[in-house]
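Next comes entry_14.tsv, with TSV, C-alpha atoms.
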chain	number	residue	atom	x	y	z
A	7	MET	CA	30.08	-4.33	19.13
A	8	ALA	CA	27.38	-2.96	16.83
A	9	SER	CA	23.84	-3.12	18.11
A	10	MET	CA	21.12	-4.75	16.07
A	11	VAL	CA	18.29	-2.45	15.02
A	12	GLN	CA	14.92	-4.13	14.90
A	13	GLN	CA	12.71	-3.02	12.03
A	14	PRO	CA	8.97	-2.56	12.60
A	15	ALA	CA	7.01	-5.53	11.33
A	16	LYS	CA	3.45	-6.74	11.24
A	17	ILE	CA	2.33	-10.35	11.53
A	18	PHE	CA	-1.08	-11.27	10.13
A	19	LEU	CA	-2.57	-14.13	12.12
A	20	ALA	CA	-4.56	-16.83	10.34
A	21	ASP	CA	-7.71	-16.18	12.37
A	22	LYS	CA	-7.79	-12.59	11.05
A	23	ARG	CA	-8.13	-13.77	7.43
A	24	THR	CA	-11.47	-13.63	5.70
A	25	CYS	CA	-12.73	-16.79	4.06
A	26	TYR	CA	-15.02	-17.23	1.11
A	27	GLU	CA	-15.79	-20.83	0.21
A	28	SER	CA	-18.01	-22.65	-2.27
A	29	ASN	CA	-17.95	-26.12	-3.86
A	30	GLU	CA	-15.65	-24.77	-6.61
A	31	TYR	CA	-13.47	-22.15	-4.92
A	32	ARG	CA	-11.90	-21.19	-1.60
A	33	CYS	CA	-10.26	-17.84	-0.91
A	34	LEU	CA	-8.39	-17.04	2.30
A	35	SER	CA	-7.73	-13.33	2.10
A	36	THR	CA	-5.53	-11.28	4.40
A	37	PRO	CA	-7.09	-7.81	4.87
A	38	ILE	CA	-3.76	-5.96	4.74
A	39	HIS	CA	-5.17	-2.51	3.97
A	40	GLN	CA	-7.61	-2.76	6.91
A	41	ASN	CA	-4.85	-3.49	9.40
A	42	GLY	CA	-2.89	-0.26	8.97
A	43	ALA	CA	-0.18	-1.96	6.96
A	44	ASP	CA	1.27	-1.20	3.53
A	45	SER	CA	-1.30	0.71	1.46
A	46	GLN	CA	0.50	-0.39	-1.75
A	47	ILE	CA	-0.84	-3.94	-1.31
A	48	VAL	CA	-4.49	-4.16	-2.36
A	49	ARG	CA	-5.03	-7.92	-2.05
A	50	PHE	CA	-3.12	-10.90	-0.71
A	51	SER	CA	-5.04	-14.16	-0.98
A	52	ASP	CA	-4.43	-17.90	-0.85
A	53	GLU	CA	-6.86	-19.47	-3.32
A	54	THR	CA	-7.89	-23.02	-4.24
A	55	LEU	CA	-9.83	-23.80	-7.41
A	56	ALA	CA	-11.69	-27.03	-8.30
A	57	PRO	CA	-10.84	-29.09	-11.42
A	58	GLY	CA	-11.89	-27.48	-14.70
A	59	LYS	CA	-13.21	-24.31	-13.00
A	60	SER	CA	-12.41	-20.61	-13.52
A	61	ARG	CA	-12.64	-17.39	-11.50
A	62	PHE	CA	-13.27	-14.04	-13.18
A	63	PHE	CA	-12.07	-10.67	-11.90
A	64	THR	CA	-12.69	-7.03	-12.92
A	65	MET	CA	-10.27	-4.32	-11.84
A	66	ASP	CA	-11.63	-1.37	-9.83
A	67	GLU	CA	-8.30	0.43	-10.20
A	68	ASN	CA	-4.93	0.16	-11.96
A	69	ILE	CA	-2.87	-2.57	-10.32
A	70	SER	CA	-0.06	-5.02	-10.91
A	71	LEU	CA	-0.99	-8.66	-10.41
A	72	ILE	CA	1.42	-11.28	-9.09
A	73	LEU	CA	0.39	-14.93	-9.37
A	74	ILE	CA	2.33	-17.75	-7.70
A	75	PRO	CA	1.04	-21.32	-8.20
A	76	MET	CA	1.70	-23.46	-5.12
A	77	VAL	CA	0.08	-26.76	-6.19
A	78	GLY	CA	-0.84	-27.60	-9.78
A	79	THR	CA	-0.85	-25.57	-12.99
A	80	ILE	CA	-3.02	-22.49	-13.56
A	81	VAL	CA	-3.93	-20.55	-16.69
A	82	TYR	CA	-4.23	-16.73	-16.66
A	83	VAL	CA	-6.45	-15.29	-19.42
A	84	SER	CA	-6.77	-11.59	-20.29
A	85	LEU	CA	-10.36	-11.27	-21.48
A	86	GLU	CA	-9.66	-8.09	-23.50
A	87	SER	CA	-6.70	-9.33	-25.54
A	88	GLN	CA	-7.38	-13.09	-25.29
A	89	TYR	CA	-3.78	-13.41	-24.12
A	90	SER	CA	-3.27	-16.49	-21.98
A	91	VAL	CA	-0.34	-18.02	-20.15
A	92	LYS	CA	-0.04	-21.37	-18.38
A	93	PHE	CA	2.40	-21.76	-15.48
A	94	SER	CA	3.21	-24.08	-12.60
A	95	PRO	CA	4.76	-24.15	-9.11
A	96	GLU	CA	8.24	-22.62	-8.83
A	97	GLU	CA	7.15	-19.94	-11.33
A	98	LEU	CA	5.90	-16.44	-10.62
A	99	GLN	CA	4.06	-14.36	-13.22
A	100	THR	CA	3.40	-10.61	-13.11
A	101	PHE	CA	0.85	-8.60	-15.11
A	102	ILE	CA	-0.16	-4.93	-15.39
A	103	LEU	CA	-3.94	-4.45	-15.26
A	104	LYS	CA	-5.83	-1.25	-15.99
A	105	LYS	CA	-9.04	-0.13	-14.30
A	106	GLY	CA	-12.00	-1.87	-15.94
A	107	SER	CA	-9.94	-4.73	-17.38
A	108	ASN	CA	-11.03	-8.34	-16.86
A	109	PHE	CA	-9.11	-11.54	-16.39
A	110	SER	CA	-9.71	-15.12	-15.35
A	111	ILE	CA	-7.72	-17.78	-13.58
A	112	LYS	CA	-8.49	-21.32	-14.73
A	113	ASN	CA	-7.66	-24.77	-13.41
A	114	PRO	CA	-6.94	-26.78	-16.59
A	115	SER	CA	-6.84	-30.10	-14.69
A	116	GLU	CA	-9.91	-32.31	-14.91
A	117	ASP	CA	-8.94	-34.25	-11.77
A	118	ASN	CA	-6.99	-32.15	-9.27
A	119	LEU	CA	-7.41	-28.99	-7.22
A	120	VAL	CA	-4.96	-26.13	-7.77
A	121	ASN	CA	-3.69	-23.72	-5.11
A	122	TYR	CA	-2.07	-20.35	-5.81
A	123	LEU	CA	-1.31	-17.00	-4.25
A	124	GLN	CA	-2.80	-13.87	-5.80
A	125	ILE	CA	-1.24	-10.50	-4.90
A	126	TRP	CA	-2.54	-7.14	-6.16
A	127	ILE	CA	-0.23	-4.16	-5.70
A	128	LYS	CA	-0.21	-0.46	-6.62
A	129	ILE	CA	3.41	-0.65	-7.84
A	130	ASP	CA	4.22	-0.85	-11.56
A	131	VAL	CA	5.66	-4.26	-12.36
A	132	ASN	CA	6.35	-5.13	-15.98
A	133	ARG	CA	4.86	-8.36	-17.26
A	134	LYS	CA	7.32	-11.17	-16.71
A	135	LYS	CA	7.64	-14.82	-15.76
A	136	ILE	CA	10.23	-15.77	-13.16
A	137	LYS	CA	11.31	-19.34	-12.48
A	138	PHE	CA	12.70	-19.98	-9.01
A	139	ASN	CA	13.49	-23.69	-9.02
A	140	ASP	CA	17.12	-23.19	-7.98
A	141	TYR	CA	16.35	-22.09	-4.42
A	142	LYS	CA	18.24	-23.23	-1.35
A	143	GLU	CA	16.30	-25.00	1.42
A	144	ASN	CA	16.03	-23.63	4.97
A	145	VAL	CA	16.70	-20.03	3.93
A	146	LEU	CA	14.57	-17.24	2.52
A	147	ASN	CA	15.27	-16.88	-1.21
A	148	THR	CA	14.46	-13.61	-3.00
A	149	ILE	CA	12.26	-14.49	-5.99
A	150	LEU	CA	11.13	-10.98	-6.97
A	151	ASP	CA	13.18	-7.85	-6.35
A	152	ILE	CA	11.87	-4.57	-7.71
A	153	PRO	CA	11.94	-1.05	-6.25
A	154	SER	CA	9.57	-0.91	-3.26
A	155	LEU	CA	8.87	-4.66	-3.20
A	156	LYS	CA	10.69	-7.92	-2.54
A	157	ILE	CA	9.10	-11.35	-2.40
A	158	HIS	CA	10.93	-14.12	-0.59
A	159	PHE	CA	10.27	-17.85	-0.80
A	160	GLY	CA	11.38	-20.52	1.64
A	161	VAL	CA	11.18	-24.28	1.91
A	162	LEU	CA	11.85	-25.04	5.56
A	163	ASP	CA	12.34	-28.35	7.36
A	164	GLY	CA	9.81	-28.66	10.19
A	165	ARG	CA	10.31	-25.85	12.67
A	166	THR	CA	13.47	-24.48	11.07
A	167	GLU	CA	13.80	-20.72	11.36
A	168	ALA	CA	14.98	-18.29	8.72
A	169	THR	CA	16.11	-14.72	9.25
A	170	LEU	CA	15.23	-11.86	6.95
A	171	PHE	CA	17.47	-8.82	6.98
A	172	PRO	CA	15.55	-5.88	5.45
A	173	THR	CA	17.50	-3.53	3.25
A	174	ASN	CA	15.72	-0.44	4.57
What would the structure in this file look like if it were written as structure tokens?
Amino acid sequence: MASMVQQPAKIFLADKRTCYESNEYRCLSTPIHQNGADSQIVRFSDETLAPGKSRFFTMDENISLILIPMVGTIVYVSLESQYSVKFSPEELQTFILKKGSNFSIKNPSEDNLVNYLQIWIKIDVNRKKIKFNDYKENVLNTILDIPSLKIHFGVLDGRTEATLFPTN
């Protein structure tokens, strides 16, 4: 019988997240780089934005941005090229951002909050939109698979468990 090899892992507890909150915006950020974890991940944050509001960001370094709306529709706007894209839950959008570039995330709704994940990584990811509305429930579904990074998404019933088998 083959033995199972356990891969090293790191769990980031909710009470270790930093929180910034105002009347218009809430950001729960996991300080991944400060916890001795993957140095390729610059930012991982769970953000909520009030109706009709925007957040503006300026890049301190070259990064790839991954946006995943969880509740509601968001609009990404590149302030240099005036390129904008609108996308909703069950879609993931990636962007390449150069040092000094600016972008905004806007909530186009006049009535409802939006919630999204914002991930900044030091891995080149070409700009693309991925729809993942054909996922299976109670398992981890791979929604982004590029060299050096995989993102999995799961819709689990209650306390259902899912197992992730890393490739390396």
Pick from A:Asn144, A:Asn113, A:Cys25, A:Lys105 nearest to Leu55 of chain A, counting all atoms listed in the file
A:Asn113
Using only C-alpha atoms, which residues sit within 12 Å of Ile136 of chain A once same-chain residues fewer than 3 positions away are excluded, as a VMD selection string?
chain A and resid 72 to 75 93 to 101 132 to 133 139 to 140 148 to 151 157
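The smallest atom-to-atom distance between Leu170 of chain A and any of A:Ile111, A:Arg23, A:Val145, A:Ser84, using only C-alpha atoms, is found for A:Val145.
All residues of protein, DNA or RNA that reach within 8 Å of Thr54 of chain A, judged by all atoms listed in the file and not counting those fewer than 5 positions away in the chain, are Tyr31, Arg32, Cys33, Leu119, Val120, Asn121 and Tyr122 of chain A.
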Pick the closest to Ile152 of chain A from A:Asp130, A:Pro114, A:Tyr89, A:Lys135: which is it, counting all atoms listed in the file?
A:Asp130
Excluding Lys92 of chain A and its own-chain neighbours fewer than 4 positions away, which residues fall within 9 Å of it when counting all atoms listed in the file? Please give them as a list in words.
Thr79, Ile80, Val81, Tyr82, Val83 and Pro114 of chain A
List as a PDB file with C-alpha atoms, keeping the file's coordinate frame the protein and nucleic acid residues near Lys128 of chain A, meaning an atom at most 8 Å away when all atoms listed in the file are counted, but skip any in the same chain fewer than 2 places from it.
ATOM      1  CA  GLN A  46       0.500  -0.390  -1.750  1.00  0.00           C
ATOM      2  CA  ILE A  47      -0.840  -3.940  -1.310  1.00  0.00           C
ATOM      3  CA  VAL A  48      -4.490  -4.160  -2.360  1.00  0.00           C
ATOM      4  CA  ASN A  68      -4.930   0.160 -11.960  1.00  0.00           C
ATOM      5  CA  ILE A  69      -2.870  -2.570 -10.320  1.00  0.00           C
ATOM      6  CA  SER A  70      -0.060  -5.020 -10.910  1.00  0.00           C
ATOM      7  CA  TRP A 126      -2.540  -7.140  -6.160  1.00  0.00           C
ATOM      8  CA  ASP A 130       4.220  -0.850 -11.560  1.00  0.00           C
TER       9      ASP A 130
END
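Checking A:Pro153, A:Ile129, A:Ser107, A:Thr169 one by one against Ser45 of chain A, counting all atoms listed in the file, you find the shortest gap at A:Ile129.
Interatomic distance, atom CA of Glu167 of chain A to atom CA of Thr36 of chain A: 22.6 Å.
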Can I get N, CA, C and O atoms for segment 94-112 of chain A, as a PDB file, in the first residue's frame?
ATOM      1  N   SER A  94     -19.293  39.854 -13.574  1.00  0.00           N
ATOM      2  CA  SER A  94     -20.174  39.448 -12.485  1.00  0.00           C
ATOM      3  C   SER A  94     -19.694  38.169 -11.830  1.00  0.00           C
ATOM      4  O   SER A  94     -18.740  37.541 -12.300  1.00  0.00           O
ATOM      5  N   PRO A  95     -20.378  37.729 -10.751  1.00  0.00           N
ATOM      6  CA  PRO A  95     -20.012  36.455 -10.124  1.00  0.00           C
ATOM      7  C   PRO A  95     -19.968  35.314 -11.145  1.00  0.00           C
ATOM      8  O   PRO A  95     -20.655  35.349 -12.157  1.00  0.00           O
ATOM      9  N   GLU A  96     -19.143  34.332 -10.841  1.00  0.00           N
ATOM     10  CA  GLU A  96     -18.861  33.179 -11.705  1.00  0.00           C
ATOM     11  C   GLU A  96     -18.048  33.587 -12.932  1.00  0.00           C
ATOM     12  O   GLU A  96     -18.018  32.909 -13.933  1.00  0.00           O
ATOM     13  N   GLU A  97     -17.354  34.747 -12.814  1.00  0.00           N
ATOM     14  CA  GLU A  97     -16.390  35.181 -13.815  1.00  0.00           C
ATOM     15  C   GLU A  97     -15.132  35.632 -13.084  1.00  0.00           C
ATOM     16  O   GLU A  97     -15.206  36.156 -11.979  1.00  0.00           O
ATOM     17  N   LEU A  98     -14.010  35.401 -13.704  1.00  0.00           N
ATOM     18  CA  LEU A  98     -12.716  35.804 -13.173  1.00  0.00           C
ATOM     19  C   LEU A  98     -12.052  36.601 -14.276  1.00  0.00           C
ATOM     20  O   LEU A  98     -12.115  36.209 -15.438  1.00  0.00           O
ATOM     21  N   GLN A  99     -11.421  37.711 -13.937  1.00  0.00           N
ATOM     22  CA  GLN A  99     -10.757  38.540 -14.935  1.00  0.00           C
ATOM     23  C   GLN A  99      -9.321  38.787 -14.489  1.00  0.00           C
ATOM     24  O   GLN A  99      -9.077  39.064 -13.313  1.00  0.00           O
ATOM     25  N   THR A 100      -8.379  38.651 -15.421  1.00  0.00           N
ATOM     26  CA  THR A 100      -6.971  38.906 -15.118  1.00  0.00           C
ATOM     27  C   THR A 100      -6.473  40.095 -15.945  1.00  0.00           C
ATOM     28  O   THR A 100      -6.939  40.326 -17.062  1.00  0.00           O
ATOM     29  N   PHE A 101      -5.508  40.827 -15.377  1.00  0.00           N
ATOM     30  CA  PHE A 101      -4.931  42.005 -16.026  1.00  0.00           C
ATOM     31  C   PHE A 101      -3.437  42.046 -15.720  1.00  0.00           C
ATOM     32  O   PHE A 101      -3.015  41.612 -14.645  1.00  0.00           O
ATOM     33  N   ILE A 102      -2.653  42.609 -16.627  1.00  0.00           N
ATOM     34  CA  ILE A 102      -1.232  42.863 -16.384  1.00  0.00           C
ATOM     35  C   ILE A 102      -1.093  44.364 -16.123  1.00  0.00           C
ATOM     36  O   ILE A 102      -1.559  45.183 -16.913  1.00  0.00           O
ATOM     37  N   LEU A 103      -0.468  44.711 -15.001  1.00  0.00           N
ATOM     38  CA  LEU A 103      -0.313  46.113 -14.621  1.00  0.00           C
ATOM     39  C   LEU A 103       1.163  46.445 -14.431  1.00  0.00           C
ATOM     40  O   LEU A 103       1.883  45.723 -13.751  1.00  0.00           O
ATOM     41  N   LYS A 104       1.590  47.518 -15.012  1.00  0.00           N
ATOM     42  CA  LYS A 104       2.971  47.978 -14.905  1.00  0.00           C
ATOM     43  C   LYS A 104       3.112  48.962 -13.748  1.00  0.00           C
ATOM     44  O   LYS A 104       2.171  49.653 -13.376  1.00  0.00           O
ATOM     45  N   LYS A 105       4.325  49.033 -13.215  1.00  0.00           N
ATOM     46  CA  LYS A 105       4.634  49.975 -12.135  1.00  0.00           C
ATOM     47  C   LYS A 105       4.205  51.378 -12.562  1.00  0.00           C
ATOM     48  O   LYS A 105       4.481  51.815 -13.680  1.00  0.00           O
ATOM     49  N   GLY A 106       3.514  52.080 -11.669  1.00  0.00           N
ATOM     50  CA  GLY A 106       3.055  53.433 -11.950  1.00  0.00           C
ATOM     51  C   GLY A 106       1.678  53.514 -12.597  1.00  0.00           C
ATOM     52  O   GLY A 106       1.104  54.591 -12.671  1.00  0.00           O
ATOM     53  N   SER A 107       1.156  52.378 -13.071  1.00  0.00           N
ATOM     54  CA  SER A 107      -0.165  52.417 -13.702  1.00  0.00           C
ATOM     55  C   SER A 107      -1.250  52.556 -12.642  1.00  0.00           C
ATOM     56  O   SER A 107      -1.052  52.250 -11.470  1.00  0.00           O
ATOM     57  N   ASN A 108      -2.410  53.040 -13.079  1.00  0.00           N
ATOM     58  CA  ASN A 108      -3.540  53.296 -12.190  1.00  0.00           C
ATOM     59  C   ASN A 108      -4.777  52.576 -12.700  1.00  0.00           C
ATOM     60  O   ASN A 108      -4.984  52.484 -13.907  1.00  0.00           O
ATOM     61  N   PHE A 109      -5.591  52.117 -11.771  1.00  0.00           N
ATOM     62  CA  PHE A 109      -6.867  51.527 -12.154  1.00  0.00           C
ATOM     63  C   PHE A 109      -7.878  51.795 -11.061  1.00  0.00           C
ATOM     64  O   PHE A 109      -7.537  52.176  -9.940  1.00  0.00           O
ATOM     65  N   SER A 110      -9.144  51.611 -11.411  1.00  0.00           N
ATOM     66  CA  SER A 110     -10.204  51.737 -10.410  1.00  0.00           C
ATOM     67  C   SER A 110     -11.132  50.542 -10.510  1.00  0.00           C
ATOM     68  O   SER A 110     -11.229  49.884 -11.557  1.00  0.00           O
ATOM     69  N   ILE A 111     -11.786  50.266  -9.408  1.00  0.00           N
ATOM     70  CA  ILE A 111     -12.850  49.271  -9.351  1.00  0.00           C
ATOM     71  C   ILE A 111     -14.092  50.037  -8.923  1.00  0.00           C
ATOM     72  O   ILE A 111     -14.065  50.767  -7.929  1.00  0.00           O
ATOM     73  N   LYS A 112     -15.159  49.881  -9.704  1.00  0.00           N
ATOM     74  CA  LYS A 112     -16.386  50.646  -9.461  1.00  0.00           C
ATOM     75  C   LYS A 112     -17.565  49.706  -9.235  1.00  0.00           C
ATOM     76  O   LYS A 112     -17.658  48.662  -9.863  1.00  0.00           O
TER      77      LYS A 112
END
